[in-house]
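Chemist: Supplied structure: protein08.txt, compact mmCIF, C-alpha atoms.
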```txt
# COMPACT_ATOMS: atom_id res chain seq x y z
CA MET H 268 0.00 0.00 0.00
CA GLY H 269 1.28 3.46 -0.91
CA VAL H 270 0.78 6.78 0.86
CA LYS H 271 -2.25 6.96 3.13
CA PHE H 272 -4.42 10.08 3.31
CA LYS H 273 -5.25 11.31 6.80
CA GLY H 274 -7.80 14.05 6.09
CA ASP H 275 -11.45 13.91 7.21
CA PHE H 276 -14.04 14.19 4.45
CA THR H 277 -16.87 14.88 6.90
CA GLN H 278 -15.25 17.61 9.00
CA GLN H 279 -16.66 21.08 8.43
CA GLU H 280 -15.02 24.39 9.25
CA PRO H 281 -15.90 25.90 12.62
CA ILE H 282 -18.66 28.48 12.79
CA PRO H 283 -17.11 31.96 12.34
CA GLU H 284 -16.44 33.84 15.56
CA ALA H 285 -18.98 36.48 14.56
CA GLY H 286 -21.61 33.73 14.30
CA ILE H 287 -20.65 32.29 17.66
CA GLU H 288 -20.85 35.72 19.27
CA ALA H 289 -24.23 36.41 17.67
CA ALA H 290 -25.55 33.04 18.83
CA VAL H 291 -24.37 33.70 22.38
CA ARG H 292 -26.14 37.07 22.37
CA VAL H 293 -29.38 35.35 21.37
CA MET H 294 -28.94 32.71 24.06
CA ARG H 295 -28.19 35.35 26.69
CA HIS H 296 -31.40 37.27 26.04
CA GLY H 297 -33.39 34.08 25.45
CA ARG H 298 -35.56 35.36 22.57
CA LEU H 299 -35.02 32.40 20.26
CA HIS H 300 -38.51 32.36 18.73
CA ARG H 301 -38.74 34.27 15.46
CA TYR H 302 -41.56 36.55 16.72
CA ASN H 303 -40.17 37.11 20.22
CA THR H 304 -38.64 40.60 20.10
CA VAL H 305 -38.55 43.71 22.24
CA ALA H 306 -39.37 47.26 21.18
CA GLY H 307 -37.00 48.49 18.49
CA GLU H 308 -35.45 45.06 17.89
CA VAL H 309 -35.34 43.36 14.50
CA ALA H 310 -35.28 39.56 14.80
CA GLU H 311 -32.19 37.73 13.56
CA THR H 312 -34.48 35.66 11.34
CA VAL H 313 -35.82 38.80 9.66
CA LEU H 314 -32.29 40.17 9.17
CA LEU H 315 -31.19 36.91 7.55
CA GLU H 316 -34.21 36.97 5.23
CA GLN H 317 -33.47 40.54 4.19
CA GLU H 318 -29.81 39.79 3.59
CA PHE H 319 -30.47 36.63 1.60
CA ALA H 320 -33.08 38.40 -0.54
CA ALA H 321 -30.48 41.06 -1.32
CA PHE H 322 -27.82 38.40 -1.96
CA THR H 323 -29.98 36.67 -4.58
CA GLY H 324 -31.79 39.72 -5.93
CA ALA H 325 -35.19 38.34 -4.92
CA LYS H 326 -38.10 40.46 -3.69
CA TYR H 327 -39.03 38.09 -0.89
CA CYS H 328 -37.33 35.54 1.35
CA LEU H 329 -38.54 33.15 4.04
CA ALA H 330 -36.14 31.32 6.39
CA VAL H 331 -37.45 27.89 7.42
CA ALA H 332 -36.58 24.80 9.42
CA SER H 333 -34.96 22.77 6.63
CA GLY H 334 -34.37 22.60 2.91
CA GLY H 335 -36.95 19.82 2.71
CA TYR H 336 -39.50 22.02 4.46
CA ALA H 337 -38.78 24.78 1.91
CA LEU H 338 -39.49 22.33 -0.94
CA GLY H 339 -42.76 21.15 0.60
CA ALA H 340 -43.87 24.71 1.34
CA ALA H 341 -43.06 25.72 -2.26
CA LEU H 342 -45.25 22.92 -3.63
CA ARG H 343 -48.14 23.87 -1.35
CA ALA H 344 -47.68 27.56 -2.18
CA LEU H 345 -48.19 26.74 -5.86
CA GLY H 346 -51.35 24.77 -5.12
CA VAL H 347 -49.99 21.26 -5.76
CA GLU H 348 -52.58 18.79 -4.50
CA HIS H 349 -52.98 15.09 -3.77
CA GLY H 350 -52.51 13.00 -6.90
CA ASP H 351 -50.92 15.77 -9.00
CA ALA H 352 -47.93 14.82 -11.13
CA VAL H 353 -44.74 16.74 -10.33
CA LEU H 354 -41.70 16.42 -12.56
CA THR H 355 -38.24 16.09 -11.04
CA ASN H 356 -34.76 14.74 -11.78
CA ALA H 357 -34.25 10.99 -11.77
CA PHE H 358 -30.87 11.73 -10.16
CA THR H 359 -31.38 13.63 -6.93
CA LEU H 360 -31.39 13.08 -3.17
CA ALA H 361 -34.29 11.61 -1.22
CA PRO H 362 -35.66 14.90 0.23
CA VAL H 363 -36.76 15.97 -3.26
CA PRO H 364 -39.15 13.10 -4.08
CA GLY H 365 -39.87 13.04 -0.35
CA ALA H 366 -41.20 16.60 -0.49
CA ILE H 367 -43.38 15.72 -3.47
CA ALA H 368 -44.73 12.62 -1.74
CA SER H 369 -45.31 14.57 1.49
CA VAL H 370 -48.02 16.65 -0.18
CA GLY H 371 -49.61 13.56 -1.74
CA ALA H 372 -48.33 14.30 -5.24
CA ARG H 373 -46.70 11.84 -7.67
CA PRO H 374 -43.02 12.26 -8.62
CA VAL H 375 -42.45 11.80 -12.35
CA PHE H 376 -38.75 11.30 -12.92
CA VAL H 377 -36.93 12.87 -15.87
CA GLU H 378 -33.79 11.20 -17.20
CA VAL H 379 -30.37 12.77 -16.63
CA THR H 380 -27.48 13.10 -19.02
CA GLY H 381 -23.92 11.89 -18.63
CA ASP H 382 -23.10 15.38 -17.34
CA LEU H 383 -25.56 14.86 -14.44
CA VAL H 384 -28.15 17.40 -15.56
CA MET H 385 -31.77 17.00 -16.67
CA ASP H 386 -32.26 15.57 -20.15
CA LEU H 387 -34.29 18.28 -21.90
CA ASP H 388 -35.59 15.94 -24.60
CA ASP H 389 -36.99 13.64 -21.92
CA LEU H 390 -38.36 16.66 -20.07
CA ASN H 391 -40.32 17.61 -23.17
CA ALA H 392 -41.65 14.07 -23.47
CA LYS H 393 -42.56 13.79 -19.78
CA ILE H 394 -44.41 17.12 -19.80
CA LEU H 395 -46.59 15.78 -22.60
CA SER H 396 -47.11 12.30 -21.15
CA SER H 397 -47.71 13.34 -17.53
CA GLY H 398 -49.69 16.54 -17.86
CA ALA H 399 -47.62 17.95 -14.98
CA LYS H 400 -47.75 21.69 -14.38
CA VAL H 401 -44.89 21.89 -11.87
CA LEU H 402 -41.23 20.93 -12.22
CA MET H 403 -39.12 20.59 -9.08
CA LEU H 404 -35.70 20.98 -10.68
CA SER H 405 -32.83 19.65 -8.60
CA HIS H 406 -29.41 21.17 -9.27
CA MET H 407 -28.01 17.90 -8.00
CA ARG H 408 -24.46 18.01 -6.59
CA GLY H 409 -24.12 21.56 -7.95
CA HIS H 410 -24.59 20.77 -11.67
CA ILE H 411 -26.76 23.33 -13.49
CA VAL H 412 -28.62 22.49 -16.68
CA ASP H 413 -28.93 25.04 -19.51
CA MET H 414 -31.47 27.19 -17.69
CA ASP H 415 -32.29 29.33 -20.71
CA ALA H 416 -33.31 26.26 -22.70
CA LEU H 417 -35.14 24.67 -19.77
CA MET H 418 -37.17 27.80 -19.01
CA GLN H 419 -38.10 28.16 -22.68
CA ILE H 420 -39.52 24.62 -22.59
CA CYS H 421 -41.36 25.13 -19.30
CA ASP H 422 -42.70 28.59 -20.06
CA GLY H 423 -43.97 27.37 -23.40
CA ALA H 424 -45.78 24.45 -21.74
CA GLY H 425 -47.17 26.41 -18.80
CA VAL H 426 -45.00 24.51 -16.30
CA GLN H 427 -43.97 26.36 -13.13
CA VAL H 428 -40.41 25.71 -11.98
CA ILE H 429 -39.29 25.29 -8.37
CA GLU H 430 -35.49 25.23 -8.14
CA ASP H 431 -33.91 22.97 -5.54
CA CYS H 432 -30.69 24.89 -4.89
CA ALA H 433 -29.45 22.86 -1.94
CA HIS H 434 -26.10 22.44 -3.74
CA THR H 435 -25.97 25.74 -5.68
CA MET H 436 -26.22 28.56 -3.15
CA GLY H 437 -23.97 31.26 -4.58
CA ALA H 438 -23.84 29.66 -8.04
CA ASP H 439 -25.31 31.06 -11.26
CA TRP H 440 -26.23 30.28 -14.84
CA ASN H 441 -25.01 32.90 -17.31
CA GLY H 442 -24.84 35.47 -14.51
CA VAL H 443 -28.32 34.82 -13.13
CA PRO H 444 -28.16 33.48 -9.54
CA SER H 445 -29.27 29.91 -9.03
CA GLY H 446 -32.86 30.00 -7.78
CA ARG H 447 -33.84 33.07 -9.81
CA HIS H 448 -34.99 31.43 -13.03
CA GLY H 449 -38.02 29.62 -11.62
CA ILE H 450 -40.95 31.01 -9.68
CA ILE H 451 -39.48 29.78 -6.36
CA GLY H 452 -35.94 28.94 -5.29
CA CYS H 453 -35.28 26.69 -2.28
CA TYR H 454 -31.99 26.33 -0.40
CA SER H 455 -30.61 24.23 2.44
CA THR H 456 -28.41 25.31 5.36
CA GLN H 457 -27.82 21.77 6.57
CA THR H 458 -24.30 21.07 7.84
CA PHE H 459 -22.91 19.76 4.53
CA LYS H 460 -24.25 22.64 2.43
CA HIS H 461 -22.66 26.00 1.61
CA VAL H 462 -23.65 27.64 4.89
CA ASN H 463 -24.11 25.65 8.08
CA SER H 464 -26.76 25.89 10.78
CA GLY H 465 -26.99 22.14 11.35
CA GLU H 466 -30.42 22.17 9.72
CA GLY H 467 -32.36 24.95 8.02
CA GLY H 468 -33.59 26.30 4.71
CA LEU H 469 -34.45 29.41 2.71
CA LEU H 470 -37.16 30.09 0.14
CA ILE H 471 -37.12 33.02 -2.29
CA THR H 472 -39.57 34.33 -4.87
CA ASP H 473 -40.76 37.49 -6.60
CA ASP H 474 -44.36 36.22 -6.47
CA ALA H 475 -46.28 37.94 -3.64
CA ASP H 476 -49.11 35.38 -3.58
CA ALA H 477 -46.70 32.43 -3.37
CA MET H 478 -44.73 34.12 -0.59
CA ALA H 479 -47.91 34.94 1.35
CA ARG H 480 -49.01 31.30 1.24
CA ALA H 481 -45.53 30.03 2.19
CA THR H 482 -45.41 32.52 5.06
CA MET H 483 -48.76 31.40 6.47
CA LEU H 484 -47.71 27.77 6.09
CA SER H 485 -44.54 28.50 8.06
CA GLY H 486 -46.53 29.44 11.14
CA SER H 487 -46.73 33.23 11.00
CA TYR H 488 -50.11 33.24 12.77
CA MET H 489 -51.23 36.84 12.04
CA LEU H 490 -47.78 38.36 12.53
CA TYR H 491 -46.86 38.43 8.85
CA GLU H 492 -46.42 42.21 8.80
CA SER H 493 -43.25 41.80 10.89
CA HIS H 494 -41.53 40.02 7.98
CA GLY H 495 -39.03 42.53 6.64
CA ALA H 496 -38.52 40.51 3.44
CA GLY H 497 -42.11 39.26 3.22
CA ALA H 498 -45.00 39.87 0.86
CA PRO H 499 -47.05 43.08 1.24
CA ALA H 500 -49.96 42.99 3.70
CA GLU H 501 -52.60 43.01 0.97
CA ALA H 502 -51.28 39.67 -0.37
CA PHE H 503 -52.55 38.04 2.84
CA ASP H 504 -56.18 39.20 2.57
CA ASP H 505 -57.48 35.77 1.57
CA VAL H 506 -54.64 33.32 2.20
CA ARG H 507 -54.35 34.22 5.89
CA LEU H 508 -57.67 32.47 6.54
CA ASP H 509 -57.42 29.74 3.91
CA THR H 510 -53.87 28.44 4.54
CA PRO H 511 -53.09 25.89 7.27
CA ASN H 512 -50.37 26.56 9.83
CA CYS H 513 -47.58 24.00 9.34
CA SER H 514 -45.09 25.68 11.65
CA GLY H 515 -41.56 25.62 10.25
CA ARG H 516 -40.02 29.09 10.18
CA MET H 517 -36.40 29.33 11.30
CA ASP H 518 -35.55 30.45 14.83
CA ASN H 519 -33.30 33.38 15.75
CA LEU H 520 -30.45 31.19 16.98
CA ARG H 521 -29.84 29.50 13.65
CA ALA H 522 -30.33 32.77 11.77
CA ALA H 523 -27.67 34.41 13.96
CA ILE H 524 -25.22 31.63 13.12
CA LEU H 525 -25.91 31.93 9.39
CA ARG H 526 -25.64 35.66 8.79
CA PRO H 527 -21.83 35.91 9.07
CA GLN H 528 -21.47 32.81 6.91
CA LEU H 529 -23.58 34.36 4.18
CA ALA H 530 -21.27 37.36 4.15
CA GLN H 531 -18.30 34.99 3.69
CA LEU H 532 -19.91 32.85 0.99
CA PRO H 533 -18.19 34.39 -2.08
CA ALA H 534 -14.79 33.75 -0.52
CA GLN H 535 -15.82 30.24 0.52
CA ALA H 536 -17.06 29.54 -3.01
CA ALA H 537 -13.68 30.51 -4.46
CA ALA H 538 -11.96 28.22 -1.95
CA TRP H 539 -14.18 25.25 -2.89
CA ASN H 540 -13.61 25.85 -6.60
CA ALA H 541 -9.85 25.99 -6.11
CA ARG H 542 -9.97 22.52 -4.54
CA TYR H 543 -12.23 21.29 -7.35
CA ARG H 544 -9.74 22.48 -9.98
CA VAL H 545 -6.87 20.70 -8.22
CA LEU H 546 -8.73 17.38 -8.44
CA GLU H 547 -9.97 18.06 -11.96
CA ASP H 548 -6.48 18.84 -13.25
CA ALA H 549 -4.93 15.87 -11.45
CA LEU H 550 -7.52 13.40 -12.76
CA ALA H 551 -7.65 14.59 -16.36
CA GLN H 552 -6.57 11.99 -18.90
CA VAL H 553 -6.76 9.11 -16.40
CA GLU H 554 -7.59 5.85 -18.16
CA GLY H 555 -11.08 4.59 -17.39
CA LEU H 556 -12.15 7.77 -15.57
CA ARG H 557 -14.54 10.34 -17.07
CA LEU H 558 -14.80 13.86 -15.70
CA ILE H 559 -18.02 15.89 -15.81
CA ASP H 560 -18.13 18.70 -18.36
CA ARG H 561 -18.76 22.15 -16.83
CA PRO H 562 -20.20 24.58 -19.42
CA ALA H 563 -18.75 28.09 -19.68
CA LYS H 564 -22.09 29.63 -18.65
CA GLU H 565 -22.19 27.63 -15.41
CA GLY H 566 -20.87 29.62 -12.48
CA PHE H 567 -20.65 26.70 -10.05
CA VAL H 568 -19.78 26.37 -6.37
CA ALA H 569 -18.09 22.99 -6.11
CA SER H 570 -18.40 21.70 -2.56
CA SER H 571 -18.28 18.18 -4.00
CA PHE H 572 -16.59 16.42 -6.92
CA GLN H 573 -18.02 13.76 -9.23
CA PHE H 574 -16.44 11.44 -11.78
CA CYS H 575 -17.65 8.37 -13.67
CA LEU H 576 -16.20 4.89 -14.15
CA ASP H 577 -18.45 4.12 -17.10
CA ASP H 578 -16.79 0.91 -18.24
CA LEU H 579 -16.30 -0.88 -14.92
CA ALA H 580 -18.62 -3.57 -13.57
CA ALA H 581 -19.83 -3.60 -9.97
CA ALA H 582 -17.18 -5.97 -8.61
CA PRO H 583 -14.10 -3.93 -9.66
CA ILE H 584 -15.85 -0.72 -8.54
CA GLU H 585 -16.40 -2.25 -5.10
CA ALA H 586 -12.74 -3.27 -4.98
CA PHE H 587 -11.66 0.23 -6.03
CA LEU H 588 -13.82 1.87 -3.33
CA ALA H 589 -12.54 -0.49 -0.64
CA SER H 590 -8.89 0.09 -1.54
CA CYS H 591 -9.36 3.86 -1.63
CA MET H 592 -11.06 3.73 1.77
CA ALA H 593 -8.19 1.66 3.16
CA ARG H 594 -5.90 4.50 2.15
CA GLY H 595 -8.13 7.16 3.73
CA VAL H 596 -10.06 8.39 0.68
CA GLN H 597 -13.83 8.19 1.20
CA ILE H 598 -15.75 7.94 -2.07
CA LYS H 599 -19.51 7.50 -2.36
CA TRP H 600 -21.05 5.41 -5.16
CA PHE H 601 -24.52 6.02 -6.54
CA GLY H 602 -24.63 2.69 -8.36
CA ALA H 603 -24.74 0.32 -5.39
CA ASP H 604 -27.65 -2.12 -5.18
CA ARG H 605 -28.56 -0.87 -1.70
CA PRO H 606 -28.64 2.76 -0.49
CA VAL H 607 -25.75 3.77 1.74
CA GLY H 608 -25.89 7.09 3.61
CA PHE H 609 -27.19 9.77 1.26
CA THR H 610 -26.57 7.80 -1.95
CA SER H 611 -30.03 6.37 -2.51
CA ARG H 612 -31.50 6.38 -6.02
CA HIS H 613 -34.94 6.31 -7.64
CA ASP H 614 -35.46 2.56 -7.27
CA SER H 615 -34.76 2.87 -3.52
CA TRP H 616 -37.77 5.16 -2.99
CA ARG H 617 -40.60 2.63 -2.78
CA TYR H 618 -43.11 5.34 -1.87
CA THR H 619 -42.86 6.45 -5.53
CA GLU H 620 -44.16 4.61 -8.56
CA ALA H 621 -41.50 2.42 -10.20
CA GLN H 622 -40.32 4.02 -13.44
CA ASP H 623 -38.17 2.89 -16.36
CA LEU H 624 -35.09 5.15 -16.50
CA PRO H 625 -32.38 3.29 -18.44
CA ARG H 626 -30.18 6.31 -19.20
CA THR H 627 -30.12 7.43 -15.58
CA ASP H 628 -29.41 3.88 -14.40
CA SER H 629 -26.48 3.67 -16.80
CA VAL H 630 -25.04 6.96 -15.54
CA LEU H 631 -25.46 6.10 -11.85
CA ALA H 632 -23.87 2.68 -12.33
CA GLY H 633 -20.43 4.28 -12.50
CA LEU H 634 -20.98 7.57 -10.65
CA MET H 635 -18.49 8.45 -7.88
CA ASP H 636 -18.86 11.33 -5.43
CA ILE H 637 -16.35 13.02 -3.10
CA ARG H 638 -17.00 15.83 -0.63
CA LEU H 639 -14.53 18.74 -0.76
CA PRO H 640 -14.35 20.09 2.79
CA LEU H 641 -12.39 23.30 3.24
CA THR H 642 -10.69 21.73 6.24
CA ILE H 643 -8.56 19.82 3.70
CA ALA H 644 -5.93 22.06 2.09
CA PRO H 645 -5.90 22.41 -1.73
CA GLU H 646 -2.50 20.73 -2.10
CA ASP H 647 -3.72 17.73 -0.10
CA TYR H 648 -6.24 16.98 -2.84
CA ARG H 649 -3.28 16.10 -5.07
CA VAL H 650 -2.64 13.19 -2.69
CA VAL H 651 -6.32 12.22 -2.98
CA ALA H 652 -5.98 12.22 -6.77
CA GLN H 653 -2.81 10.15 -6.59
CA ILE H 654 -4.56 7.47 -4.55
CA ILE H 655 -7.53 7.43 -6.94
CA ARG H 656 -5.21 7.04 -9.96
CA GLU H 657 -3.22 4.23 -8.38
CA GLU H 658 -6.19 2.26 -7.08
CA LEU H 659 -8.12 2.64 -10.31
CA ALA H 660 -5.15 1.36 -12.32
CA ALA H 661 -5.11 -1.70 -10.07
CA VAL H 662 -8.67 -2.75 -10.97
CA ILE H 663 -8.81 -1.86 -14.67
CA PRO H 664 -8.51 -5.08 -16.71
```
Write out the structure in this file as structure tokens.
Modeler:
Amino acid sequence: MGVKFKGDFTQQEPIPEAGIEAAVRVMRHGRLHRYNTVAGEVAETVLLEQEFAAFTGAKYCLAVASGGYALGAALRALGVEHGDAVLTNAFTLAPVPGAIASVGARPVFVEVTGDLVMDLDDLNAKILSSGAKVLMLSHMRGHIVDMDALMQICDGAGVQVIEDCAHTMGADWNGVPSGRHGIIGCYSTQTFKHVNSGEGGLLITDDADAMARATMLSGSYMLYESHGAGAPAEAFDDVRLDTPNCSGRMDNLRAAILRPQLAQLPAQAAAWNARYRVLEDALAQVEGLRLIDRPAKEGFVASSFQFCLDDLAAAPIEAFLASCMARGVQIKWFGADRPVGFTSRHDSWRYTEAQDLPRTDSVLAGLMDIRLPLTIAPEDYRVVAQIIREELAAVIP
């Protein structure tokens, strides 16, 4: 066995000191609930919503308990009902079809390409065959489809787009921030996302009616006028009495932790991308390994790295993963027969209707995934690449 890597692929950076200090202030005064303020005080949750709206260029923002909650609230805000078909990527993580199923709707999976983005030809076909009027588009693992082409298809077919931006906070397509093409953008602040509150989410939109419904769903009671980045009061005239309370707005403690991280996000994004480029350069031209094409219009934030072993069967892939792990390099595989950790796939979600997705299955069969924590220095990723090259060479026939 050659050199062994000693980094930790699950270790996040510490919360910034400014976030720790802000959290301590909230704990000292005890007003953790989003509507618990004193005269002249603006809640941390409201400040985060205002700052994230400005960051993305959205009119309105709602901070919520999780990214999954944001997705479910977005569906309800658009009037998705029991039995409705909702389009989504065949390659995504379980919270996406889970959100669709949670409102009683039916996920209709759209094939993905070898570059891990939605297949627009299949999207066209599935719009026609399903009659769906909502697409929950997952920018899975930070890969952004041609949003101009996708929106042309969806606008022409009368399909509303919810963007799942759990992996693309701070990213853009052709200069337009991720989450700003569709009617609603949803983000996650879970520990392994681009900002970290342990769990949490954000929802943005320019649509006052959608934001009013999402706000009432989040448990605003009749306190919606205190939302500094919320819809105008007149948008609540009807929905305030017609919308159920499904409490899920973020608390002040988590918002306090997140605000300094949001300010640091552009610098963090550059640091992630530097690590991505180290791996990409070191793994280019490796026999049997295919890198994912990143279009020039895609302004990505690469907190993870994917590559494909398209020509390897399951047994040599398993041997490759085991040997990499023995040398300290943790790689996730989306092609395993059984879900492991977060790497489940569409045939693992038995609460959805089984669907025939041969292209996606072929892609996932060889798809590898590595987290890129900033706690690992850029130069150390050259060691990671060296181990991958050596262990892959050992299993290629």
Chemist: Compare H:Ala541, H:Ala522, H:Ile287, H:Leu383 by their minimum atom-to-atom distance to Val331 (chain H), counting all atoms listed in the file, and give me the closest one.
Modeler: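 Nearest to Val331 (chain H): H:Ala522.
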Chemist: Got a sec to check which residues sit within 7 Å of (-52.8, 34.1, 7.8), counting all atoms listed in the file, and write them as a list in words?
Modeler: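 Residues with an atom at most 7 Å from (-52.8, 34.1, 7.8): Met483, Ser487, Tyr488, Met489, Phe503, Val506, Arg507, Leu508 and Thr510 of chain H.
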Chemist: Looking at all atoms listed in the file, which of H:Gly452, H:Gly350, H:Gly602, H:Pro625 is the one that sits closest to Ile584 (chain H)?
Modeler: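 So, comparing all the options, the nearest one is H:Gly602.
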Chemist: Around (-38.2, 3.7, -8.8) in the file's frame, which residues reach within 12 Å when counting all atoms listed in the file? Return as an MDAnalysis selection string?
Modeler: chainID H and resid 356:358 361 364 373:377 611:625 627:628
Chemist: Pick out the residues sitting within 8 Å of Leu470 (chain H), and hand them over as a PyMOL selection string; count all atoms listed in the file, and ignore anything fewer than 6 positions along from it in its own chain.
Modeler: chain H and resi 328-331+337+341+451-454
Chemist: Can you tell me, as a ChimeraX atom specification, what residues are no more than 12 Å from Phe272 (chain H) when counting all atoms listed in the file, ignoring any on the same chain fewer than 5 positions away?
Modeler: /H:590-597,643,647-655
Chemist: Skipping near chain neighbours, those fewer than 4 positions away, what residues fall within 7 Å of region 290-307 of chain H using only C-alpha atoms, listed as a VMD selection string?
Modeler: chain H and resid 286 312 517 to 520 523 to 524
